[in-house]
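Colleague: See work17.txt below, with compact mmCIF, N, CA, C and O atoms.
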```
# COMPACT_ATOMS: atom_id res chain seq x y z
N MET P 758 -17.24 -196.27 32.86
CA MET P 758 -17.99 -196.92 33.91
C MET P 758 -17.56 -196.30 35.23
O MET P 758 -16.40 -196.13 35.52
N SER P 759 -18.55 -196.01 36.06
CA SER P 759 -18.30 -195.36 37.34
C SER P 759 -17.99 -196.39 38.42
O SER P 759 -18.59 -197.46 38.46
N THR P 760 -17.05 -196.07 39.29
CA THR P 760 -16.70 -196.96 40.39
C THR P 760 -17.03 -196.32 41.72
O THR P 760 -16.33 -196.52 42.71
N THR P 761 -18.09 -195.53 41.76
CA THR P 761 -18.48 -194.89 43.01
C THR P 761 -19.04 -195.93 43.96
O THR P 761 -19.69 -196.89 43.54
N PRO P 762 -18.78 -195.77 45.26
CA PRO P 762 -19.29 -196.74 46.23
C PRO P 762 -20.81 -196.63 46.33
O PRO P 762 -21.39 -195.57 46.09
N PRO P 763 -21.48 -197.74 46.67
CA PRO P 763 -22.93 -197.69 46.79
C PRO P 763 -23.37 -196.74 47.89
O PRO P 763 -22.69 -196.59 48.91
N GLY P 764 -24.49 -196.08 47.68
CA GLY P 764 -25.01 -195.12 48.64
C GLY P 764 -25.57 -195.79 49.88
O GLY P 764 -25.60 -197.02 50.01
N ALA P 765 -26.06 -194.97 50.78
CA ALA P 765 -26.53 -195.45 52.07
C ALA P 765 -27.73 -196.39 51.94
O ALA P 765 -27.81 -197.38 52.64
N GLY P 766 -28.66 -196.10 51.05
CA GLY P 766 -29.87 -196.90 50.96
C GLY P 766 -29.97 -197.78 49.74
O GLY P 766 -31.02 -198.36 49.48
N ASP P 767 -28.87 -197.91 48.99
CA ASP P 767 -28.92 -198.69 47.75
C ASP P 767 -29.26 -200.16 48.00
O ASP P 767 -30.02 -200.76 47.25
N ARG P 768 -28.70 -200.73 49.03
CA ARG P 768 -28.98 -202.14 49.32
C ARG P 768 -30.43 -202.34 49.71
O ARG P 768 -31.06 -203.33 49.33
N LEU P 769 -30.99 -201.39 50.47
CA LEU P 769 -32.40 -201.49 50.85
C LEU P 769 -33.30 -201.40 49.62
O LEU P 769 -34.30 -202.12 49.54
N VAL P 770 -32.96 -200.53 48.70
CA VAL P 770 -33.77 -200.39 47.49
C VAL P 770 -33.70 -201.68 46.67
O VAL P 770 -34.73 -202.17 46.19
N ARG P 771 -32.54 -202.25 46.52
CA ARG P 771 -32.40 -203.49 45.75
C ARG P 771 -33.15 -204.64 46.43
O ARG P 771 -33.86 -205.40 45.78
N PHE P 772 -32.99 -204.77 47.75
CA PHE P 772 -33.67 -205.83 48.48
C PHE P 772 -35.18 -205.63 48.42
O PHE P 772 -35.94 -206.59 48.25
N GLY P 773 -35.62 -204.38 48.53
CA GLY P 773 -37.04 -204.08 48.44
C GLY P 773 -37.61 -204.43 47.08
O GLY P 773 -38.73 -204.94 46.96
N ALA P 774 -36.84 -204.18 46.03
CA ALA P 774 -37.29 -204.52 44.68
C ALA P 774 -37.42 -206.03 44.51
O ALA P 774 -38.39 -206.52 43.90
N ILE P 775 -36.48 -206.78 45.06
CA ILE P 775 -36.54 -208.24 44.97
C ILE P 775 -37.76 -208.76 45.71
O ILE P 775 -38.50 -209.60 45.20
N VAL P 776 -37.99 -208.26 46.93
CA VAL P 776 -39.15 -208.69 47.71
C VAL P 776 -40.44 -208.32 46.99
O VAL P 776 -41.40 -209.09 46.95
N PHE P 777 -40.48 -207.13 46.39
CA PHE P 777 -41.66 -206.69 45.65
C PHE P 777 -41.95 -207.64 44.49
O PHE P 777 -43.09 -208.05 44.28
N PHE P 778 -40.93 -207.99 43.72
CA PHE P 778 -41.15 -208.86 42.57
C PHE P 778 -41.52 -210.28 42.98
O PHE P 778 -42.29 -210.94 42.27
N VAL P 779 -41.02 -210.76 44.11
CA VAL P 779 -41.45 -212.06 44.62
C VAL P 779 -42.94 -211.99 44.98
O VAL P 779 -43.71 -212.91 44.68
N GLY P 780 -43.35 -210.89 45.60
CA GLY P 780 -44.76 -210.71 45.92
C GLY P 780 -45.62 -210.59 44.68
O GLY P 780 -46.75 -211.09 44.64
N ALA P 781 -45.12 -209.92 43.66
CA ALA P 781 -45.87 -209.80 42.40
C ALA P 781 -46.04 -211.16 41.74
O ALA P 781 -47.11 -211.48 41.21
N LEU P 782 -44.99 -211.96 41.76
CA LEU P 782 -45.08 -213.31 41.21
C LEU P 782 -46.08 -214.15 42.00
O LEU P 782 -46.89 -214.89 41.43
N ALA P 783 -46.04 -214.03 43.33
CA ALA P 783 -46.99 -214.75 44.17
C ALA P 783 -48.42 -214.31 43.87
O ALA P 783 -49.35 -215.13 43.88
N THR P 784 -48.61 -213.04 43.59
CA THR P 784 -49.95 -212.54 43.25
C THR P 784 -50.43 -213.15 41.94
O THR P 784 -51.59 -213.57 41.83
N LEU P 785 -49.55 -213.20 40.95
CA LEU P 785 -49.94 -213.80 39.66
C LEU P 785 -50.30 -215.28 39.82
O LEU P 785 -51.29 -215.75 39.27
N VAL P 786 -49.48 -215.99 40.59
CA VAL P 786 -49.72 -217.42 40.80
C VAL P 786 -51.01 -217.64 41.60
O VAL P 786 -51.77 -218.56 41.33
N THR P 787 -51.27 -216.78 42.56
CA THR P 787 -52.45 -216.93 43.39
C THR P 787 -53.73 -216.58 42.64
O THR P 787 -54.77 -217.19 42.86
N MET P 788 -53.67 -215.61 41.76
CA MET P 788 -54.86 -215.19 41.03
C MET P 788 -55.16 -216.10 39.83
O MET P 788 -56.29 -216.14 39.37
N ALA P 789 -54.18 -216.82 39.34
CA ALA P 789 -54.37 -217.66 38.15
C ALA P 789 -55.50 -218.70 38.32
O ALA P 789 -56.31 -218.85 37.41
N PRO P 790 -55.58 -219.40 39.46
CA PRO P 790 -56.68 -220.37 39.58
C PRO P 790 -58.07 -219.74 39.53
O PRO P 790 -59.03 -220.38 39.10
N LEU P 791 -58.18 -218.48 39.91
CA LEU P 791 -59.49 -217.83 39.84
C LEU P 791 -59.94 -217.63 38.40
O LEU P 791 -61.12 -217.71 38.09
N PHE P 792 -58.99 -217.35 37.50
CA PHE P 792 -59.32 -217.15 36.10
C PHE P 792 -59.38 -218.46 35.33
O PHE P 792 -60.05 -218.54 34.29
N LEU P 793 -58.68 -219.48 35.82
CA LEU P 793 -58.66 -220.76 35.12
C LEU P 793 -59.78 -221.69 35.57
O LEU P 793 -59.97 -222.76 34.99
N GLY P 794 -60.49 -221.32 36.63
CA GLY P 794 -61.60 -222.14 37.11
C GLY P 794 -61.18 -223.34 37.92
O GLY P 794 -61.95 -224.28 38.08
N THR P 795 -59.98 -223.37 38.46
CA THR P 795 -59.53 -224.48 39.30
C THR P 795 -59.69 -224.11 40.77
O THR P 795 -60.14 -223.02 41.11
N ARG P 796 -59.31 -225.04 41.63
CA ARG P 796 -59.43 -224.79 43.07
C ARG P 796 -58.50 -223.68 43.50
O ARG P 796 -57.34 -223.64 43.08
N PRO P 797 -58.97 -222.77 44.36
CA PRO P 797 -58.10 -221.69 44.85
C PRO P 797 -56.97 -222.25 45.71
O PRO P 797 -57.09 -223.32 46.32
N LEU P 798 -55.89 -221.52 45.76
CA LEU P 798 -54.73 -221.91 46.57
C LEU P 798 -55.03 -221.65 48.05
O LEU P 798 -55.90 -220.85 48.39
N PRO P 799 -54.28 -222.30 48.95
CA PRO P 799 -54.51 -222.08 50.39
C PRO P 799 -54.17 -220.66 50.82
O PRO P 799 -53.53 -219.90 50.08
N SER P 800 -54.59 -220.31 52.01
CA SER P 800 -54.44 -218.93 52.50
C SER P 800 -52.99 -218.50 52.65
O SER P 800 -52.70 -217.31 52.59
N ILE P 801 -52.06 -219.43 52.81
CA ILE P 801 -50.65 -219.05 52.91
C ILE P 801 -50.18 -218.43 51.60
O ILE P 801 -49.37 -217.49 51.59
N ALA P 802 -50.71 -218.88 50.49
CA ALA P 802 -50.36 -218.29 49.20
C ALA P 802 -50.89 -216.86 49.11
O ALA P 802 -50.23 -215.97 48.57
N TRP P 803 -52.07 -216.63 49.65
CA TRP P 803 -52.63 -215.27 49.64
C TRP P 803 -51.81 -214.34 50.52
O TRP P 803 -51.64 -213.16 50.21
N SER P 804 -51.29 -214.87 51.61
CA SER P 804 -50.49 -214.02 52.49
C SER P 804 -49.14 -213.67 51.86
O SER P 804 -48.56 -212.63 52.17
N LEU P 805 -48.64 -214.50 50.96
CA LEU P 805 -47.39 -214.18 50.25
C LEU P 805 -47.56 -212.98 49.33
O LEU P 805 -46.60 -212.29 49.01
N CYS P 806 -48.79 -212.70 48.95
CA CYS P 806 -49.06 -211.53 48.10
C CYS P 806 -48.73 -210.23 48.84
O CYS P 806 -48.47 -209.21 48.22
N MET P 807 -48.75 -210.28 50.16
CA MET P 807 -48.45 -209.09 50.95
C MET P 807 -46.99 -208.66 50.83
O MET P 807 -46.62 -207.57 51.25
N LEU P 808 -46.16 -209.52 50.25
CA LEU P 808 -44.76 -209.17 50.06
C LEU P 808 -44.60 -207.99 49.11
O LEU P 808 -43.59 -207.28 49.17
N MET P 809 -45.59 -207.75 48.27
CA MET P 809 -45.50 -206.58 47.39
C MET P 809 -45.46 -205.30 48.21
O MET P 809 -44.62 -204.43 47.98
N GLY P 810 -46.35 -205.20 49.17
CA GLY P 810 -46.38 -204.01 50.03
C GLY P 810 -45.15 -203.90 50.90
O GLY P 810 -44.60 -202.81 51.10
N VAL P 811 -44.71 -205.03 51.42
CA VAL P 811 -43.51 -205.03 52.26
C VAL P 811 -42.29 -204.60 51.45
O VAL P 811 -41.48 -203.80 51.91
N GLY P 812 -42.17 -205.12 50.25
CA GLY P 812 -41.05 -204.73 49.38
C GLY P 812 -41.08 -203.25 49.03
O GLY P 812 -40.04 -202.59 49.00
N PHE P 813 -42.28 -202.73 48.80
CA PHE P 813 -42.41 -201.31 48.51
C PHE P 813 -41.96 -200.47 49.71
O PHE P 813 -41.25 -199.47 49.55
N LEU P 814 -42.35 -200.88 50.91
CA LEU P 814 -41.95 -200.14 52.11
C LEU P 814 -40.44 -200.20 52.34
O LEU P 814 -39.82 -199.21 52.73
N ILE P 815 -39.83 -201.36 52.08
CA ILE P 815 -38.38 -201.49 52.24
C ILE P 815 -37.66 -200.59 51.25
O ILE P 815 -36.71 -199.88 51.60
N ALA P 816 -38.12 -200.60 50.00
CA ALA P 816 -37.49 -199.75 48.98
C ALA P 816 -37.69 -198.27 49.30
O ALA P 816 -36.77 -197.46 49.12
N ALA P 817 -38.86 -197.90 49.80
CA ALA P 817 -39.11 -196.50 50.18
C ALA P 817 -38.21 -196.09 51.32
O ALA P 817 -37.70 -194.95 51.35
N ALA P 818 -37.98 -196.99 52.27
CA ALA P 818 -37.06 -196.69 53.38
C ALA P 818 -35.64 -196.48 52.85
O ALA P 818 -34.91 -195.61 53.34
N GLY P 819 -35.25 -197.24 51.84
CA GLY P 819 -33.93 -197.05 51.23
C GLY P 819 -33.80 -195.72 50.53
O GLY P 819 -32.76 -195.07 50.60
N VAL P 820 -34.88 -195.30 49.87
CA VAL P 820 -34.86 -193.99 49.19
C VAL P 820 -34.76 -192.87 50.22
O VAL P 820 -33.99 -191.92 50.04
N VAL P 821 -35.51 -192.98 51.30
CA VAL P 821 -35.45 -191.96 52.36
C VAL P 821 -34.07 -191.92 52.98
O VAL P 821 -33.51 -190.85 53.23
N ARG P 822 -33.49 -193.09 53.20
CA ARG P 822 -32.14 -193.15 53.79
C ARG P 822 -31.11 -192.51 52.87
O ARG P 822 -30.22 -191.79 53.32
N SER P 823 -31.23 -192.77 51.56
CA SER P 823 -30.31 -192.15 50.61
C SER P 823 -30.49 -190.64 50.57
O SER P 823 -29.51 -189.89 50.47
N ALA P 824 -31.72 -190.18 50.64
CA ALA P 824 -31.98 -188.75 50.61
C ALA P 824 -31.41 -188.06 51.85
O ALA P 824 -30.84 -186.97 51.76
N ARG P 825 -31.57 -188.69 52.99
CA ARG P 825 -31.02 -188.12 54.21
C ARG P 825 -29.50 -188.07 54.18
O ARG P 825 -28.88 -187.10 54.64
N ALA P 826 -28.88 -189.13 53.66
CA ALA P 826 -27.42 -189.15 53.56
C ALA P 826 -26.94 -188.08 52.58
O ALA P 826 -25.92 -187.45 52.80
N GLY P 827 -27.70 -187.87 51.50
CA GLY P 827 -27.32 -186.86 50.53
C GLY P 827 -27.45 -185.44 51.08
O GLY P 827 -26.66 -184.57 50.77
N SER P 828 -28.45 -185.23 51.91
CA SER P 828 -28.63 -183.89 52.47
C SER P 828 -27.58 -183.59 53.54
O SER P 828 -27.25 -182.44 53.77
N ARG P 829 -27.07 -184.60 54.19
CA ARG P 829 -26.00 -184.39 55.19
C ARG P 829 -24.69 -183.99 54.55
O ARG P 829 -23.89 -183.27 55.12
N GLU P 830 -24.45 -184.49 53.31
CA GLU P 830 -23.20 -184.19 52.61
C GLU P 830 -23.15 -182.75 52.12
O GLU P 830 -22.08 -182.20 51.90
N ARG P 831 -24.28 -182.14 51.95
CA ARG P 831 -24.32 -180.76 51.40
C ARG P 831 -24.08 -179.78 52.45
O ARG P 831 -23.98 -179.40 53.35
```
Step by step, read the file and then write its structure as structure tokens.
Modeller:
Amino acid sequence: MSTTPPGAGDRLVRFGAIVFFVGALATLVTMAPLFLGTRPLPSIAWSLCMLMGVGFLIAAAGVVRSARAGSRER
């Protein structure tokens, strides 16, 4: 097992993944009433779906940060 310290953008990638999956869950919950024929959820639930994009951007920023830190070491 490796005990290397976490890289520069590892926390951003992890946080971005968590935010992405919360947004994905919100998307599933928001879309379910459309398929089940029940009343649609309020607009705040639809806005929570945007967390998927936000999480993706946070994770991408972490990847870029890790790449920049790796290129500085070389």
Colleague: Report, as JSON, the centre and edge lengths in Å (one decimal) of the axis-aligned box enclosing every listed atom of segment 804-819 of chain P, padded by 5 Å on each side.
Modeller:
```
{"center_x": -42.0, "center_y": -204.9, "center_z": 50.4, "size_x": 28.5, "size_y": 29.9, "size_z": 16.0}
```
Colleague: With all atoms listed in the file as the atoms that count, which of P:Ala783, P:Ala789, P:Ile775, P:Ala824 lies nearest to Trp803 of chain P?
Modeller: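 Once distances to Trp803 of chain P are computed over all atoms listed in the file, the minimum belongs to P:Ala783.
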Colleague: Please build the interface table for segment 770-805 of chain P against segment 809-823 of chain P with a cut-off of 6 Å, listing for each qualifying residue the nearest atom pair and the distance in Å to one decimal; count only C-alpha atoms, order rows by chain and increasing number, and write it as JSON lines.
Modeller:
```
{"residue": "P:Val770", "atom": "CA", "partner": "P:Ala816", "partner_atom": "CA", "distance": 4.1}
{"residue": "P:Gly773", "atom": "CA", "partner": "P:Gly812", "partner_atom": "CA", "distance": 4.2}
{"residue": "P:Val776", "atom": "CA", "partner": "P:Gly812", "partner_atom": "CA", "distance": 4.7}
{"residue": "P:Phe777", "atom": "CA", "partner": "P:Met809", "partner_atom": "CA", "distance": 4.2}
{"residue": "P:Gly780", "atom": "CA", "partner": "P:Met809", "partner_atom": "CA", "distance": 4.4}
{"residue": "P:Ala781", "atom": "CA", "partner": "P:Met809", "partner_atom": "CA", "distance": 6.0}
```
